[in-house]
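Have a look at upload.txt; it's compact mmCIF, C-alpha atoms:
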```txt
# COMPACT_ATOMS: atom_id res chain seq x y z
CA MET A 265 -7.59 16.47 -18.73
CA ILE A 266 -5.91 13.24 -17.76
CA ARG A 267 -7.65 10.49 -15.80
CA LEU A 268 -5.46 8.60 -13.33
CA ALA A 269 -6.81 5.36 -11.86
CA ALA A 270 -5.10 4.18 -8.69
CA VAL A 271 -5.33 1.43 -6.11
CA GLY A 272 -2.92 -0.05 -3.58
CA ASP A 273 -2.69 -2.97 -1.20
CA LEU A 274 -4.39 -5.52 -3.39
CA HIS A 275 -2.59 -8.23 -1.36
CA TYR A 276 -3.25 -10.61 -4.20
CA GLY A 277 -2.97 -14.33 -3.63
CA VAL A 278 -3.84 -17.55 -5.37
CA ASP A 279 -7.14 -17.33 -3.49
CA SER A 280 -7.96 -13.89 -4.97
CA GLU A 281 -10.16 -13.30 -7.95
CA GLY A 282 -12.24 -10.72 -9.76
CA LEU A 283 -9.82 -7.87 -10.34
CA GLY A 284 -9.41 -8.53 -14.07
CA ASP A 285 -13.18 -8.43 -14.64
CA HIS A 286 -13.38 -5.02 -13.00
CA LEU A 287 -10.45 -3.66 -15.00
CA ASP A 288 -12.04 -4.76 -18.25
CA GLY A 289 -12.88 -1.60 -20.20
CA LEU A 290 -10.72 0.58 -17.97
CA GLU A 291 -9.80 2.69 -20.99
CA ASP A 292 -13.32 4.15 -20.87
CA HIS A 293 -12.63 5.54 -17.40
CA ALA A 294 -8.87 6.16 -17.13
CA ASP A 295 -5.73 6.86 -19.14
CA LEU A 296 -3.31 5.25 -16.72
CA LEU A 297 -3.44 2.71 -13.87
CA LEU A 298 -1.21 3.19 -10.81
CA LEU A 299 -0.61 0.37 -8.31
CA ALA A 300 0.67 1.63 -4.95
CA GLY A 301 2.47 -1.47 -3.70
CA ASP A 302 1.58 -4.54 -1.63
CA LEU A 303 0.62 -6.23 -4.84
CA THR A 304 0.82 -9.59 -3.12
CA ARG A 305 -0.07 -11.12 0.24
CA VAL A 306 3.40 -12.33 1.27
CA GLY A 307 5.54 -11.66 -1.80
CA ALA A 308 5.39 -15.18 -3.22
CA GLU A 309 6.00 -15.53 -6.95
CA GLU A 310 2.82 -17.56 -7.49
CA GLU A 311 0.84 -14.69 -5.94
CA ALA A 312 2.47 -12.24 -8.34
CA GLN A 313 1.68 -14.58 -11.22
CA ALA A 314 -1.97 -14.68 -10.14
CA LEU A 315 -2.09 -10.89 -10.18
CA ALA A 316 -0.17 -10.72 -13.45
CA ALA A 317 -2.83 -12.89 -15.08
CA GLU A 318 -5.48 -10.36 -14.00
CA LEU A 319 -3.44 -7.39 -15.27
CA ALA A 320 -2.38 -8.87 -18.59
CA GLY A 321 -5.54 -7.61 -20.30
CA VAL A 322 -5.42 -4.06 -18.95
CA SER A 323 -5.73 -1.71 -21.90
CA VAL A 324 -4.02 1.39 -20.43
CA PRO A 325 -0.40 1.77 -19.28
CA CYS A 326 0.04 0.27 -15.82
CA ILE A 327 2.74 1.55 -13.44
CA SER A 328 3.55 0.11 -10.03
CA VAL A 329 5.81 0.19 -7.03
CA LEU A 330 6.36 -2.70 -4.64
CA GLY A 331 5.34 -2.65 -0.99
CA ASN A 332 6.59 -4.25 2.20
CA HIS A 333 4.45 -7.37 1.66
CA ASP A 334 6.10 -7.87 -1.74
CA HIS A 335 9.45 -8.15 0.05
CA HIS A 336 8.32 -10.53 2.80
CA SER A 337 9.35 -13.81 1.14
CA GLY A 338 12.67 -12.49 -0.14
CA ALA A 339 11.47 -12.87 -3.73
CA ALA A 340 10.82 -9.23 -4.67
CA SER A 341 12.76 -9.63 -7.89
CA GLY A 342 10.44 -12.49 -8.87
CA VAL A 343 7.40 -10.34 -8.08
CA ARG A 344 8.86 -7.61 -10.23
CA ARG A 345 9.57 -9.98 -13.12
CA ALA A 346 6.03 -11.36 -13.04
CA MET A 347 4.62 -7.84 -13.18
CA GLU A 348 6.92 -6.83 -16.03
CA ARG A 349 5.94 -9.92 -18.02
CA ALA A 350 2.33 -8.68 -17.75
CA GLY A 351 3.40 -5.33 -19.18
CA VAL A 352 3.48 -3.46 -15.87
CA THR A 353 6.25 -0.89 -15.37
CA VAL A 354 7.69 -1.35 -11.87
CA LEU A 355 9.47 1.68 -10.44
CA GLU A 356 12.00 1.75 -7.60
CA GLY A 357 13.55 5.18 -7.49
CA GLU A 358 12.94 5.76 -11.17
CA GLY A 359 10.65 7.81 -13.34
CA VAL A 360 8.75 7.04 -16.49
CA THR A 361 6.88 9.25 -18.92
CA VAL A 362 3.77 8.17 -20.79
CA SER A 363 2.19 10.19 -23.56
CA VAL A 364 -1.61 10.35 -23.75
CA ASP A 365 -3.11 12.41 -26.58
CA GLY A 366 0.05 14.49 -26.69
CA VAL A 367 0.11 15.09 -22.93
CA ARG A 368 3.22 13.83 -21.17
CA ILE A 369 2.42 12.17 -17.84
CA GLY A 370 5.50 11.66 -15.69
CA VAL A 371 5.41 9.17 -12.82
CA ALA A 372 8.19 9.00 -10.24
CA GLY A 373 7.93 5.90 -8.09
CA VAL A 374 9.61 4.46 -5.05
CA LYS A 375 8.49 2.10 -2.31
CA GLY A 376 9.44 4.59 0.38
CA PHE A 377 9.91 3.59 3.99
CA GLY A 378 9.02 4.51 7.56
CA GLY A 379 10.83 6.86 9.89
CA GLY A 380 8.06 9.14 11.06
CA PHE A 381 7.04 12.72 10.67
CA ALA A 382 8.59 16.05 11.52
CA GLY A 383 8.88 16.62 15.24
CA ALA A 384 8.48 12.93 16.09
CA CYS A 385 10.67 10.87 13.80
CA GLY A 386 13.66 8.61 14.13
CA ALA A 387 17.19 9.97 13.86
CA ASP A 388 20.41 8.72 12.27
CA PHE A 389 21.89 8.23 15.72
CA GLY A 390 22.87 5.45 18.08
CA GLU A 391 23.00 1.76 17.29
CA PRO A 392 23.92 0.57 13.78
CA GLU A 393 20.45 -0.95 13.40
CA MET A 394 18.77 2.39 14.07
CA LYS A 395 21.14 4.19 11.73
CA ALA A 396 20.44 1.62 9.01
CA PHE A 397 16.68 2.12 9.41
CA ILE A 398 16.85 5.90 9.09
CA ARG A 399 19.51 5.86 6.39
CA HIS A 400 17.22 3.69 4.28
CA SER A 401 14.47 6.30 4.75
CA HIS A 402 16.85 9.01 3.55
CA HIS A 403 18.10 6.87 0.67
CA VAL A 404 14.66 6.17 -0.79
CA ALA A 405 13.63 9.81 -0.38
CA GLU A 406 16.77 10.89 -2.23
CA ARG A 407 15.96 8.43 -5.02
CA LEU A 408 12.50 9.98 -5.25
CA HIS A 409 13.95 13.48 -5.35
CA GLU A 410 16.35 12.51 -8.15
CA SER A 411 13.68 10.80 -10.22
CA LEU A 412 11.34 13.79 -9.83
CA GLU A 413 14.09 16.19 -10.82
CA SER A 414 14.71 14.28 -14.03
CA LEU A 415 11.03 14.10 -15.06
CA ARG A 416 10.08 16.23 -18.04
CA ALA A 417 6.31 16.07 -18.15
CA ASP A 418 3.12 18.10 -18.32
CA ILE A 419 1.58 16.24 -15.39
CA ARG A 420 3.79 14.99 -12.57
CA VAL A 421 2.67 12.13 -10.37
CA VAL A 422 4.40 10.53 -7.38
CA LEU A 423 3.74 6.88 -6.63
CA THR A 424 4.83 5.37 -3.29
CA HIS A 425 3.74 2.63 -0.97
CA TYR A 426 4.60 4.40 2.29
CA ALA A 427 2.87 7.64 3.21
CA PRO A 428 4.53 11.05 2.71
CA VAL A 429 2.22 12.90 5.13
CA LYS A 430 0.30 12.32 8.35
CA ASP A 431 -3.03 13.57 6.97
CA THR A 432 -3.77 10.31 5.21
CA LEU A 433 -2.95 8.30 8.34
CA ALA A 434 -5.92 9.74 10.24
CA GLY A 435 -7.65 6.70 11.71
CA GLU A 436 -4.42 4.81 12.35
CA ARG A 437 -2.95 4.55 15.85
CA LEU A 438 -0.50 7.36 16.50
CA GLU A 439 2.06 4.89 17.91
CA ILE A 440 2.58 3.24 14.52
CA PHE A 441 2.98 6.39 12.42
CA PRO A 442 6.79 5.92 12.20
CA PHE A 443 6.16 2.54 10.53
CA LEU A 444 3.67 3.97 8.05
CA GLY A 445 5.66 6.69 6.36
CA SER A 446 8.20 9.45 6.41
CA TYR A 447 8.12 13.22 6.05
CA LEU A 448 11.26 12.88 3.91
CA LEU A 449 9.07 11.68 1.05
CA ALA A 450 6.94 14.85 1.29
CA GLN A 451 10.09 16.95 1.43
CA ALA A 452 11.28 15.32 -1.81
CA ILE A 453 7.90 15.91 -3.44
CA ASP A 454 7.75 19.54 -2.38
CA SER A 455 11.31 20.26 -3.46
CA THR A 456 10.43 19.61 -7.08
CA GLY A 457 6.63 19.83 -7.15
CA ALA A 458 3.98 17.42 -8.38
CA ASP A 459 0.32 17.40 -9.30
CA LEU A 460 -0.59 14.33 -7.27
CA ALA A 461 1.04 11.86 -4.87
CA VAL A 462 -0.63 8.50 -4.30
CA HIS A 463 0.32 5.91 -1.71
CA GLY A 464 -1.06 2.89 0.13
CA HIS A 465 0.08 0.94 3.22
CA ALA A 466 -2.18 2.63 5.79
CA HIS A 467 -5.27 0.41 5.74
CA ASN A 468 -7.00 2.26 8.55
CA GLY A 469 -6.07 5.72 7.30
CA SER A 470 -7.94 8.33 5.28
CA GLU A 471 -8.02 9.03 1.58
CA LYS A 472 -7.19 12.71 1.30
CA GLY A 473 -4.28 14.85 2.41
CA VAL A 474 -1.84 17.47 1.24
CA THR A 475 1.90 18.04 1.60
CA PRO A 476 3.20 21.15 3.38
CA GLY A 477 3.93 22.51 -0.11
CA GLY A 478 0.35 22.01 -1.27
CA VAL A 479 0.60 18.81 -3.34
CA HIS A 480 -2.52 16.62 -3.31
CA VAL A 481 -1.93 13.30 -1.50
CA ARG A 482 -4.30 10.35 -1.84
CA ASN A 483 -4.16 7.13 0.15
CA VAL A 484 -5.52 4.54 -2.27
CA ALA A 485 -5.07 1.46 -0.07
CA GLN A 486 -8.02 -0.70 -1.08
CA PRO A 487 -9.30 -1.06 2.51
CA VAL A 488 -9.49 2.77 2.57
CA ILE A 489 -11.11 3.44 -0.80
CA ARG A 490 -13.17 0.21 -0.60
CA SER A 491 -13.46 0.11 -4.38
CA TRP A 492 -11.58 -1.56 -7.21
CA TYR A 493 -9.77 1.71 -7.89
CA ARG A 494 -10.25 5.47 -7.69
CA VAL A 495 -9.98 7.89 -10.60
CA TYR A 496 -8.41 11.34 -10.23
CA ARG A 497 -8.71 13.88 -13.03
CA ALA A 498 -5.71 16.19 -13.45
CA GLN A 499 -5.46 19.31 -15.60
CA ASP A 500 -2.47 19.44 -17.95
CA MET B 227 -6.82 -19.99 30.78
CA SER B 228 -3.22 -18.93 31.30
CA ASP B 229 -2.21 -15.94 33.41
CA GLU B 230 -0.41 -14.39 30.42
CA PRO B 231 -0.75 -10.59 30.66
CA LYS B 232 -3.23 -9.21 28.13
CA GLN B 233 -0.75 -7.06 26.26
CA TYR B 234 1.59 -9.99 25.65
CA LEU B 235 -1.28 -12.15 24.49
CA VAL B 236 -2.43 -9.40 22.10
CA GLU B 237 0.97 -9.21 20.44
CA ARG B 238 1.33 -12.99 20.35
CA VAL B 239 -1.91 -13.21 18.39
CA ARG B 240 -1.03 -10.32 16.06
CA SER B 241 2.38 -11.86 15.38
CA ALA B 242 0.88 -15.28 14.70
CA LEU B 243 -1.62 -13.80 12.22
CA ALA B 244 1.10 -11.87 10.42
CA LYS B 245 3.48 -14.82 10.19
CA ASP B 246 0.91 -17.39 9.13
CA GLU B 247 1.17 -17.33 5.35
CA ARG B 248 -2.49 -18.25 4.96
CA VAL B 249 -3.26 -14.86 6.54
CA GLY B 250 -0.18 -12.64 6.16
CA GLU B 251 -1.82 -9.47 7.42
CA LEU B 252 -0.62 -6.94 10.00
CA ASP B 253 -3.66 -4.76 10.50
CA PHE B 254 -5.72 -6.62 13.06
CA HIS B 255 -7.08 -5.19 16.28
CA VAL B 256 -7.03 -7.74 19.11
CA LYS B 257 -9.01 -7.20 22.29
CA VAL B 258 -8.94 -9.46 25.36
CA VAL B 259 -11.80 -9.53 27.87
CA GLY B 260 -11.28 -12.30 30.40
CA VAL B 261 -11.31 -15.59 28.51
CA ASP B 262 -12.72 -13.92 25.41
CA VAL B 263 -10.44 -12.77 22.59
CA PHE B 264 -11.90 -10.61 19.82
CA VAL B 265 -10.12 -9.99 16.53
CA HIS B 266 -11.26 -7.21 14.22
CA GLY B 267 -9.94 -6.23 10.81
CA THR B 268 -10.36 -6.77 7.11
CA VAL B 269 -9.00 -9.40 4.74
CA SER B 270 -9.37 -9.84 1.00
CA THR B 271 -10.81 -13.34 0.79
CA ALA B 272 -13.07 -15.76 2.65
CA GLU B 273 -10.18 -18.24 2.76
CA ARG B 274 -8.07 -15.77 4.75
CA ARG B 275 -10.93 -15.09 7.15
CA GLN B 276 -11.21 -18.84 7.75
CA ALA B 277 -7.44 -19.01 8.28
CA VAL B 278 -7.78 -16.35 11.00
CA SER B 279 -10.16 -18.69 12.83
CA ASP B 280 -7.72 -21.58 12.40
CA VAL B 281 -4.81 -19.55 13.79
CA LEU B 282 -6.87 -18.39 16.77
CA ARG B 283 -7.93 -21.94 17.55
CA ASP B 284 -4.32 -23.17 17.43
CA GLU B 285 -2.84 -20.24 19.35
CA LEU B 286 -5.43 -19.84 22.06
CA PRO B 287 -6.64 -23.13 23.47
CA GLY B 288 -8.60 -22.37 26.60
CA HIS B 289 -9.88 -19.03 25.32
CA ARG B 290 -13.14 -18.22 23.64
CA THR B 291 -12.13 -16.67 20.33
CA HIS B 292 -14.29 -14.36 18.23
CA ASN B 293 -13.34 -13.84 14.61
CA GLU B 294 -14.91 -10.46 13.83
CA VAL B 295 -12.77 -10.03 10.71
CA THR B 296 -14.69 -9.01 7.60
CA VAL B 297 -13.97 -9.80 3.96
CA LEU B 298 -13.47 -6.67 1.86
CA GLU B 299 -15.89 -6.56 -1.03
CA PRO B 300 -14.76 -3.69 -3.27
CA ILE B 301 -17.46 -1.67 -4.95
CA GLU B 302 -17.41 -0.12 -8.40
CA PRO B 303 -15.37 3.10 -8.40
CA PRO B 304 -17.39 6.16 -7.41
CA GLU B 305 -17.38 9.34 -9.46
CA GLU B 306 -13.90 10.55 -10.35
CA GLU B 307 -12.34 13.38 -8.36
CA GLN B 308 -11.32 16.56 -10.11
CA LEU B 309 -8.01 17.77 -8.67
CA THR B 310 -7.94 21.56 -8.45
```

Using structure tokens, write down the structure that the file contains.
Amino acid sequence: MIRLAAVGDLHYGVDSEGLGDHLDGLEDHADLLLLAGDLTRVGAEEEAQALAAELAGVSVPCISVLGNHDHHSGAASGVRRAMERAGVTVLEGEGVTVSVDGVRIGVAGVKGFGGGFAGACGADFGEPEMKAFIRHSHHVAERLHESLESLRADIRVVLTHYAPVKDTLAGERLEIFPFLGSYLLAQAIDSTGADLAVHGHAHNGSEKGVTPGGVHVRNVAQPVIRSWYRVYRAQD
Amino acid sequence: MSDEPKQYLVERVRSALAKDERVGELDFHVKVVGVDVFVHGTVSTAERRQAVSDVLRDELPGHRTHNEVTVLEPIEPPEEEQLT
């Protein structure tokens, strides 16, 4: 059994505090910590440094993706560097494998993007701006597919910021679904299989869902789970 | 009070809250009832909730503004979930 702790949308800033205290002793509760993007409020480097200071003492491997807020100030590379200096592995279309008591846990991570869900999504058609939007959705989903394909692990976990399914958007306004996620992410997950997919981004959504292929999906945005993190136990 | 249509006012407020770096949040619900403007949502800190009030005051002179935003106070994680 492997215990996966996860939380997203911390939106950390220089005015935030307390996370480090609640992660103290995390090894008693979890084998791995997943951060599902929107680490910072507006993607400022000092915000990332404030979060990094809280994460520096975390005693289990910590793996993250960035979210849209982490890109807002045009300093995403600085956010990433601050996280990496704190020992956090930041994934963007890559996979990583961590061994816990001989069990290989593979995590494929990508920020993801919007685009919508089957039957009501944007198309690669029309103006260049619309094509660029949808092509980015396809690109990040392809990166996820490739990273999942290359994972060799006993437990396979997908980490995104944007949602792969509509289930976990229940509670959000239907009009904004195309800005909250893309079915292309679920298609990538189902094409290779996974034990769990966690995401954030949808603050007014719901925690639990499933892909069309039967993969567990959990929305761990902190305003949804309303706790410092959630722990999911997966069978190897 | 201006004669700005409600839906334009709603988006003006949402945009101002998103762009103000003291707030920097997108997930607010704004409701306009006559001269009264209500803002609901959640932020992570008391400072950001105060900044919502400051933005509303600056953006909406002539309106009565109601900051109904709450500060998220995370609880200790509940029992772990067994994935089956």

Item to check | Distance-based interface of chain B with chain A, 9 Å, counting all atoms listed in the file, as a VMD selection string | outcome: chain B and resid 247 to 251 253 268 to 274 298 to 310

Item to check | 7 Å contact set for range 472-478 of chain A, only C-alpha atoms, chain neighbours under 2 positions out, as a list in words | outcome: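 Answer for this query is Val429, Asp431, Thr432, Ala450, Asp454, Ser470, His480, Val481, Arg482 and Asn483 of chain A.
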
Next on the checklist: Need the shell around range 278-284 of chain B: protein/DNA/RNA residues with any atom at most 8 Å away, counting only C-alpha atoms. Skip same-chain ones fewer than 2 positions apart. Format as a list in words?
Outcome noted: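 Returned residues: Val239, Ala242, Leu243, Asp246, Val249, Arg274, Arg275, Gln276, Leu286, Pro287, Thr291 and Asn293 of chain B.
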
Okay, now the selection with C-alpha atoms, as a PDB file, keeping the file's coordinate frame?
```pdb
ATOM      1  CA  VAL B 239      -1.910 -13.210  18.390  1.00  0.00           C
ATOM      2  CA  ALA B 242       0.880 -15.280  14.700  1.00  0.00           C
ATOM      3  CA  LEU B 243      -1.620 -13.800  12.220  1.00  0.00           C
ATOM      4  CA  ASP B 246       0.910 -17.390   9.130  1.00  0.00           C
ATOM      5  CA  VAL B 249      -3.260 -14.860   6.540  1.00  0.00           C
ATOM      6  CA  ARG B 274      -8.070 -15.770   4.750  1.00  0.00           C
ATOM      7  CA  ARG B 275     -10.930 -15.090   7.150  1.00  0.00           C
ATOM      8  CA  GLN B 276     -11.210 -18.840   7.750  1.00  0.00           C
ATOM      9  CA  LEU B 286      -5.430 -19.840  22.060  1.00  0.00           C
ATOM     10  CA  PRO B 287      -6.640 -23.130  23.470  1.00  0.00           C
ATOM     11  CA  THR B 291     -12.130 -16.670  20.330  1.00  0.00           C
ATOM     12  CA  ASN B 293     -13.340 -13.840  14.610  1.00  0.00           C
TER      13      ASN B 293
END
```

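Going from CA of Glu391 in chain A to CA of Lys245 in chain B covers 26.6 Å.
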
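Reported to one decimal place, the separation of CA of Glu309 in chain A from CA of Val295 in chain B is 26.4 Å.
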
Next on the checklist: For a test of reading the model, state the distance in Å between CA of Cys385 in chain A and CA of Ser446 in chain A, rounded to one decimal.
Outcome noted: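 Distance between the two atoms: 7.9 Å.
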
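When only C-alpha atoms are used to compute distances to Ala314 in chain A, the closest of the residues A:Val360, A:Met347, A:Ala417, A:Val484 turns out to be A:Met347.
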
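Using only C-alpha atoms, the shortest contact distance between Val404 in chain A and any of A:Val479, A:Val278, A:Val271, A:Val374 is found at A:Val374.
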
Item to check | Near-Leu355 in chain A list (9 Å; only C-alpha atoms; drop same-chain fewer than 3 positions) as a PyMOL selection string | outcome: chain A and resi 327-330+358-360+371-375+423

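You can rank A:Pro325, A:Pro428, A:Pro392, A:Gly380 by their closest distance to Val364 in chain A using all atoms listed in the file, and at the top of that list sits A:Pro325.
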
Item to check | Which of B:Arg238, B:Leu252, B:Lys232, B:Val258 sits closest to Asn332 in chain A [using all atoms listed in the file] | outcome: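 With all atoms listed in the file as the atom set, the closest residue is B:Leu252.
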
Checklist entry - range 260-267 of chain B: which residues within 8 Å, counting all atoms listed in the file, same-chain residues fewer than 3 positions away excluded, as a ChimeraX atom specification? => result /B:227,253-257,288-296

Would you write out those residues with C-alpha atoms, as a short mmCIF file (atom, residue, chain, number, x, y, z; two decimals), in the frame of the given file?
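Saved result, part_38.cif, follows:
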```
data_model
loop_
_atom_site.label_atom_id
_atom_site.label_comp_id
_atom_site.auth_asym_id
_atom_site.auth_seq_id
_atom_site.Cartn_x
_atom_site.Cartn_y
_atom_site.Cartn_z
CA MET B 227 -6.82 -19.99 30.78
CA ASP B 253 -3.66 -4.76 10.50
CA PHE B 254 -5.72 -6.62 13.06
CA HIS B 255 -7.08 -5.19 16.28
CA VAL B 256 -7.03 -7.74 19.11
CA LYS B 257 -9.01 -7.20 22.29
CA GLY B 288 -8.60 -22.37 26.60
CA HIS B 289 -9.88 -19.03 25.32
CA ARG B 290 -13.14 -18.22 23.64
CA THR B 291 -12.13 -16.67 20.33
CA HIS B 292 -14.29 -14.36 18.23
CA ASN B 293 -13.34 -13.84 14.61
CA GLU B 294 -14.91 -10.46 13.83
CA VAL B 295 -12.77 -10.03 10.71
CA THR B 296 -14.69 -9.01 7.60
#
```

Item to check | Contacts of Arg349 in chain A within 12 Å, all atoms listed in the file, excl. fewer than 4 positions in-chain, as JSON, numbers by chain | outcome: {"A": [312, 313, 315, 316, 317, 319, 320, 321, 326, 342, 343, 344, 345, 353, 354]}

Listed atoms of range 384-387 of chain A, axis-aligned box, 3 Å per side: centre and edge lengths to one decimal in Å, as JSON?
```
{"center_x": 12.8, "center_y": 10.8, "center_z": 14.9, "size_x": 14.7, "size_y": 10.3, "size_z": 8.3}
```
